[in-house]
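Data block for model04.cif (mmCIF, N, CA and C atoms):
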data_upload
loop_
_atom_site.label_atom_id
_atom_site.label_comp_id
_atom_site.auth_asym_id
_atom_site.auth_seq_id
_atom_site.Cartn_x
_atom_site.Cartn_y
_atom_site.Cartn_z
N MET D 12 155.29 76.72 174.98
CA MET D 12 155.09 78.12 174.71
C MET D 12 154.38 78.75 175.91
N ASP D 13 154.85 79.90 176.32
CA ASP D 13 154.36 80.56 177.53
C ASP D 13 153.45 81.73 177.16
N LEU D 14 152.15 81.43 176.99
CA LEU D 14 151.15 82.45 176.69
C LEU D 14 150.14 82.51 177.83
N THR D 15 149.72 83.72 178.17
CA THR D 15 148.67 83.87 179.16
C THR D 15 147.34 83.42 178.53
N PRO D 16 146.34 83.13 179.35
CA PRO D 16 145.03 82.78 178.78
C PRO D 16 144.47 83.89 177.88
N THR D 17 144.67 85.13 178.26
CA THR D 17 144.19 86.24 177.43
C THR D 17 144.90 86.25 176.09
N ALA D 18 146.21 86.08 176.10
CA ALA D 18 146.98 86.07 174.86
C ALA D 18 146.53 84.93 173.96
N ALA D 19 146.30 83.75 174.52
CA ALA D 19 145.84 82.61 173.74
C ALA D 19 144.48 82.89 173.11
N ARG D 20 143.58 83.51 173.87
CA ARG D 20 142.25 83.86 173.34
C ARG D 20 142.36 84.88 172.21
N LEU D 21 143.21 85.89 172.41
CA LEU D 21 143.40 86.91 171.38
C LEU D 21 143.95 86.31 170.09
N LEU D 22 144.87 85.36 170.22
CA LEU D 22 145.43 84.72 169.04
C LEU D 22 144.41 83.86 168.31
N MET D 23 143.55 83.19 169.06
CA MET D 23 142.49 82.40 168.43
C MET D 23 141.55 83.31 167.64
N ASP D 24 141.23 84.46 168.21
CA ASP D 24 140.35 85.42 167.55
C ASP D 24 141.02 85.97 166.29
N LEU D 25 142.31 86.28 166.39
CA LEU D 25 143.05 86.78 165.24
C LEU D 25 143.09 85.75 164.12
N GLU D 26 143.38 84.51 164.47
CA GLU D 26 143.44 83.45 163.47
C GLU D 26 142.09 83.26 162.78
N SER D 27 141.02 83.34 163.55
CA SER D 27 139.67 83.22 163.00
C SER D 27 139.38 84.37 162.04
N SER D 28 139.76 85.57 162.41
CA SER D 28 139.54 86.74 161.54
C SER D 28 140.31 86.60 160.24
N HIS D 29 141.56 86.17 160.35
CA HIS D 29 142.38 85.99 159.14
C HIS D 29 141.80 84.92 158.23
N GLN D 30 141.36 83.82 158.82
CA GLN D 30 140.81 82.74 158.00
C GLN D 30 139.54 83.19 157.30
N ALA D 31 138.69 83.92 157.98
CA ALA D 31 137.46 84.42 157.37
C ALA D 31 137.78 85.38 156.22
N LEU D 32 138.78 86.21 156.40
CA LEU D 32 139.18 87.15 155.35
C LEU D 32 139.73 86.38 154.14
N ILE D 33 140.55 85.39 154.39
CA ILE D 33 141.09 84.56 153.30
C ILE D 33 139.96 83.85 152.56
N ASP D 34 139.03 83.29 153.31
CA ASP D 34 137.91 82.56 152.70
C ASP D 34 137.01 83.48 151.87
N ARG D 35 136.93 84.74 152.26
CA ARG D 35 136.06 85.69 151.57
C ARG D 35 136.67 86.21 150.27
N THR D 36 137.95 86.06 150.12
CA THR D 36 138.66 86.64 148.97
C THR D 36 139.26 85.53 148.10
N THR D 37 139.96 85.97 147.10
CA THR D 37 140.70 85.04 146.25
C THR D 37 142.17 85.03 146.67
N ALA D 38 142.41 85.01 147.95
CA ALA D 38 143.78 85.05 148.48
C ALA D 38 144.58 83.89 147.91
N GLY D 39 145.73 84.22 147.36
CA GLY D 39 146.63 83.20 146.85
C GLY D 39 147.63 82.79 147.92
N GLU D 40 148.56 81.98 147.52
CA GLU D 40 149.57 81.48 148.47
C GLU D 40 150.38 82.62 149.10
N PRO D 41 150.80 83.65 148.33
CA PRO D 41 151.55 84.73 148.98
C PRO D 41 150.76 85.42 150.09
N GLU D 42 149.49 85.67 149.84
CA GLU D 42 148.67 86.33 150.86
C GLU D 42 148.45 85.42 152.06
N ARG D 43 148.21 84.16 151.81
CA ARG D 43 148.03 83.20 152.92
C ARG D 43 149.29 83.15 153.78
N LEU D 44 150.44 83.11 153.13
CA LEU D 44 151.70 83.09 153.88
C LEU D 44 151.91 84.42 154.61
N GLY D 45 151.46 85.51 154.00
CA GLY D 45 151.56 86.81 154.66
C GLY D 45 150.75 86.86 155.95
N PHE D 46 149.53 86.36 155.89
CA PHE D 46 148.71 86.33 157.11
C PHE D 46 149.31 85.39 158.15
N ARG D 47 149.90 84.29 157.70
CA ARG D 47 150.57 83.37 158.65
C ARG D 47 151.76 84.06 159.30
N ALA D 48 152.50 84.86 158.52
CA ALA D 48 153.65 85.58 159.07
C ALA D 48 153.21 86.61 160.10
N ILE D 49 152.10 87.28 159.84
CA ILE D 49 151.56 88.24 160.80
C ILE D 49 151.20 87.53 162.10
N TYR D 50 150.48 86.42 161.97
CA TYR D 50 150.09 85.65 163.15
C TYR D 50 151.34 85.22 163.92
N ASP D 51 152.32 84.68 163.22
CA ASP D 51 153.54 84.20 163.88
C ASP D 51 154.28 85.33 164.59
N ALA D 52 154.35 86.50 163.95
CA ALA D 52 155.05 87.63 164.57
C ALA D 52 154.31 88.12 165.81
N ILE D 53 152.98 88.15 165.74
CA ILE D 53 152.18 88.57 166.90
C ILE D 53 152.29 87.54 168.01
N GLU D 54 152.19 86.28 167.66
CA GLU D 54 152.32 85.22 168.67
C GLU D 54 153.68 85.31 169.36
N ALA D 55 154.73 85.45 168.59
CA ALA D 55 156.08 85.53 169.17
C ALA D 55 156.21 86.74 170.10
N ALA D 56 155.58 87.85 169.74
CA ALA D 56 155.65 89.05 170.58
C ALA D 56 154.94 88.85 171.91
N LEU D 57 153.95 87.96 171.95
CA LEU D 57 153.17 87.75 173.17
C LEU D 57 153.77 86.68 174.08
N ILE D 58 154.68 85.87 173.57
CA ILE D 58 155.27 84.80 174.38
C ILE D 58 156.03 85.39 175.55
N GLY D 59 155.73 84.89 176.74
CA GLY D 59 156.42 85.31 177.95
C GLY D 59 155.94 86.62 178.55
N VAL D 60 154.97 87.27 177.91
CA VAL D 60 154.43 88.53 178.44
C VAL D 60 153.41 88.18 179.51
N THR D 61 153.54 88.81 180.66
CA THR D 61 152.62 88.55 181.76
C THR D 61 151.26 89.19 181.49
N GLU D 62 150.25 88.72 182.19
CA GLU D 62 148.91 89.28 182.04
C GLU D 62 148.90 90.79 182.34
N PRO D 63 149.52 91.24 183.45
CA PRO D 63 149.53 92.70 183.69
C PRO D 63 150.22 93.48 182.58
N ASP D 64 151.33 92.95 182.05
CA ASP D 64 152.02 93.66 180.96
C ASP D 64 151.18 93.65 179.68
N LEU D 65 150.45 92.59 179.45
CA LEU D 65 149.59 92.48 178.27
C LEU D 65 148.48 93.53 178.32
N LEU D 66 147.99 93.80 179.51
CA LEU D 66 146.84 94.70 179.67
C LEU D 66 147.22 96.15 179.97
N ARG D 67 148.49 96.40 180.26
CA ARG D 67 148.94 97.74 180.63
C ARG D 67 149.21 98.59 179.39
N ALA D 68 148.59 99.75 179.35
CA ALA D 68 148.88 100.72 178.29
C ALA D 68 150.07 101.56 178.73
N PRO D 69 151.01 101.80 177.84
CA PRO D 69 152.19 102.58 178.23
C PRO D 69 151.87 104.02 178.61
N SER D 70 150.78 104.55 178.07
CA SER D 70 150.32 105.90 178.42
C SER D 70 148.83 105.97 178.10
N PRO D 71 148.16 107.00 178.58
CA PRO D 71 146.72 107.11 178.30
C PRO D 71 146.41 107.23 176.80
N GLU D 72 147.38 107.69 176.01
CA GLU D 72 147.16 107.88 174.58
C GLU D 72 147.49 106.63 173.75
N GLU D 73 148.07 105.61 174.37
CA GLU D 73 148.50 104.43 173.63
C GLU D 73 147.68 103.21 174.03
N TRP D 74 147.63 102.25 173.13
CA TRP D 74 146.95 101.00 173.40
C TRP D 74 147.85 100.03 174.13
N SER D 75 147.24 99.16 174.90
CA SER D 75 147.97 98.04 175.49
C SER D 75 148.24 97.00 174.40
N MET D 76 149.09 96.03 174.71
CA MET D 76 149.35 94.96 173.75
C MET D 76 148.05 94.23 173.41
N ALA D 77 147.22 93.98 174.41
CA ALA D 77 145.95 93.29 174.18
C ALA D 77 145.05 94.10 173.24
N GLU D 78 145.00 95.39 173.45
CA GLU D 78 144.17 96.25 172.60
C GLU D 78 144.66 96.26 171.15
N VAL D 79 145.97 96.19 170.96
CA VAL D 79 146.52 96.15 169.61
C VAL D 79 146.05 94.88 168.88
N VAL D 80 146.15 93.74 169.54
CA VAL D 80 145.74 92.48 168.91
C VAL D 80 144.23 92.48 168.67
N GLU D 81 143.46 92.97 169.62
CA GLU D 81 142.01 93.07 169.44
C GLU D 81 141.68 93.94 168.23
N HIS D 82 142.41 95.05 168.09
CA HIS D 82 142.18 95.96 166.97
C HIS D 82 142.42 95.27 165.63
N VAL D 83 143.52 94.54 165.53
CA VAL D 83 143.83 93.86 164.27
C VAL D 83 142.73 92.85 163.93
N ALA D 84 142.32 92.07 164.91
CA ALA D 84 141.27 91.07 164.67
C ALA D 84 139.96 91.74 164.26
N GLU D 85 139.58 92.81 164.95
CA GLU D 85 138.35 93.52 164.62
C GLU D 85 138.43 94.15 163.23
N HIS D 86 139.55 94.78 162.94
CA HIS D 86 139.76 95.41 161.64
C HIS D 86 139.63 94.38 160.52
N ASP D 87 140.21 93.22 160.72
CA ASP D 87 140.24 92.21 159.67
C ASP D 87 138.90 91.50 159.50
N ARG D 88 137.96 91.73 160.40
CA ARG D 88 136.59 91.21 160.24
C ARG D 88 135.71 92.18 159.47
N LYS D 89 136.20 93.39 159.26
CA LYS D 89 135.43 94.39 158.51
C LYS D 89 135.97 94.41 157.08
N TYR D 90 135.12 94.09 156.16
CA TYR D 90 135.56 93.89 154.78
C TYR D 90 135.37 95.13 153.91
N ILE D 91 134.96 96.24 154.50
CA ILE D 91 134.65 97.43 153.71
C ILE D 91 135.88 97.96 152.96
N GLU D 92 137.07 97.75 153.52
CA GLU D 92 138.28 98.27 152.87
C GLU D 92 138.78 97.37 151.75
N LEU D 93 138.19 96.19 151.60
CA LEU D 93 138.58 95.30 150.51
C LEU D 93 138.33 95.95 149.15
N VAL D 94 137.21 96.62 149.02
CA VAL D 94 136.84 97.20 147.74
C VAL D 94 137.80 98.32 147.34
N GLY D 95 138.06 99.22 148.23
CA GLY D 95 138.89 100.37 147.89
C GLY D 95 140.39 100.13 147.96
N GLN D 96 140.80 99.26 148.89
CA GLN D 96 142.24 99.12 149.12
C GLN D 96 142.78 97.73 148.87
N GLY D 97 141.92 96.75 148.79
CA GLY D 97 142.34 95.40 148.48
C GLY D 97 142.94 94.66 149.67
N LEU D 98 143.25 93.41 149.42
CA LEU D 98 143.76 92.53 150.46
C LEU D 98 145.12 92.97 150.99
N ARG D 99 145.91 93.58 150.12
CA ARG D 99 147.25 94.04 150.54
C ARG D 99 147.16 95.01 151.73
N HIS D 100 146.12 95.81 151.77
CA HIS D 100 145.95 96.74 152.89
C HIS D 100 145.90 95.98 154.22
N TYR D 101 145.19 94.87 154.25
CA TYR D 101 145.07 94.09 155.49
C TYR D 101 146.43 93.50 155.90
N LEU D 102 147.21 93.11 154.92
CA LEU D 102 148.54 92.58 155.22
C LEU D 102 149.44 93.67 155.78
N GLU D 103 149.44 94.84 155.14
CA GLU D 103 150.26 95.95 155.62
C GLU D 103 149.84 96.38 157.02
N HIS D 104 148.54 96.45 157.23
CA HIS D 104 148.00 96.86 158.53
C HIS D 104 148.44 95.89 159.62
N GLY D 105 148.32 94.59 159.36
CA GLY D 105 148.72 93.59 160.34
C GLY D 105 150.20 93.63 160.64
N LEU D 106 151.02 93.82 159.62
CA LEU D 106 152.47 93.89 159.82
C LEU D 106 152.87 95.11 160.65
N GLU D 107 152.21 96.24 160.37
CA GLU D 107 152.50 97.45 161.15
C GLU D 107 152.20 97.23 162.63
N HIS D 108 151.08 96.58 162.91
CA HIS D 108 150.73 96.36 164.31
C HIS D 108 151.56 95.26 164.96
N ALA D 109 152.03 94.29 164.17
CA ALA D 109 152.95 93.30 164.72
C ALA D 109 154.24 93.99 165.18
N MET D 110 154.72 94.94 164.40
CA MET D 110 155.92 95.70 164.81
C MET D 110 155.63 96.53 166.05
N GLN D 111 154.43 97.10 166.12
CA GLN D 111 154.04 97.87 167.30
C GLN D 111 154.10 97.01 168.56
N LEU D 112 153.64 95.76 168.46
CA LEU D 112 153.67 94.87 169.62
C LEU D 112 155.10 94.63 170.11
N TRP D 113 156.01 94.49 169.18
CA TRP D 113 157.41 94.27 169.58
C TRP D 113 157.96 95.50 170.30
N ARG D 114 157.53 96.69 169.89
CA ARG D 114 157.97 97.91 170.60
C ARG D 114 157.33 98.00 171.98
N LEU D 115 156.16 97.41 172.16
CA LEU D 115 155.45 97.46 173.44
C LEU D 115 155.90 96.39 174.44
N ARG D 116 156.64 95.40 173.96
CA ARG D 116 157.09 94.35 174.88
C ARG D 116 157.88 94.95 176.02
N PRO D 117 157.70 94.42 177.22
CA PRO D 117 158.48 94.92 178.35
C PRO D 117 159.97 94.70 178.09
N ASP D 118 160.79 95.57 178.63
CA ASP D 118 162.23 95.42 178.48
C ASP D 118 162.68 94.09 179.03
N GLU D 119 163.61 93.48 178.32
CA GLU D 119 164.20 92.22 178.78
C GLU D 119 165.14 92.54 179.94
N PRO D 120 165.21 91.66 180.92
CA PRO D 120 166.15 91.89 182.02
C PRO D 120 167.59 91.87 181.51
N SER D 121 168.42 92.70 182.07
CA SER D 121 169.83 92.75 181.67
C SER D 121 170.53 91.47 182.07
N ALA D 122 171.46 91.03 181.22
CA ALA D 122 172.22 89.80 181.50
C ALA D 122 173.35 90.06 182.46
#

Have the structure of the file written as structure tokens, please.
Amino acid sequence: MDLTPTAARLLMDLESSHQALIDRTTAGEPERLGFRAIYDAIEAALIGVTEPDLLRAPSPEEWSMAEVVEHVAEHDRKYIELVGQGLRHYLEHGLEHAMQLWRLRPDEPSA
């Protein structure tokens, strides 16, 4: 697997945040699998992305790929939304940002 050191660190942080959230709740198998799917989708989006592309924001108003992953990990360490919105909110949030990462991936070279 071709991950930059920054991408590998971001993924470790994300996995730690997800595990802490699971441990804090009564997450069942569907939720555990949901968090695994988010991790897998984010990891796949980062494979082959260079360090400059990982850190480059497409515009001043948008986040870089690295900032997106950092945001998800930070968000998932804050448990305040568990009370009002429940665990499903964290799953939806992570999936939305996983899709965002795929849109931010650099264009593939033409064949």

So which residues of chain D fall under helix (DSSP H, G or I) by DSSP, listed as an MDAnalysis selection string?
-> chainID D and resid 16:35 40:57 62:66 76:88 91:96 98:115

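Among the candidates D:Asp64, D:Asp118, D:Glu40, D:Glu26, the residue lying nearest to Ala84 of chain D is D:Glu26 (atoms considered: all atoms listed in the file).
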
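Of the residues under consideration (D:His108, D:Arg99, D:Lys89, D:Arg67), D:Arg99 shows the shortest atom-to-atom contact distance to Ala38 of chain D when counting only C-alpha atoms.
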
Give me, please, the distance in Å between atom C of Val79 of chain D and atom N of Pro117 of chain D, quoted to one decimal.
-> 14.3 Å

Of the candidates D:Leu57, D:Leu115, D:Ile49, D:Leu25, which shows the shortest atom-to-atom distance to Pro69 of chain D, using all atoms listed in the file?
-> D:Leu115
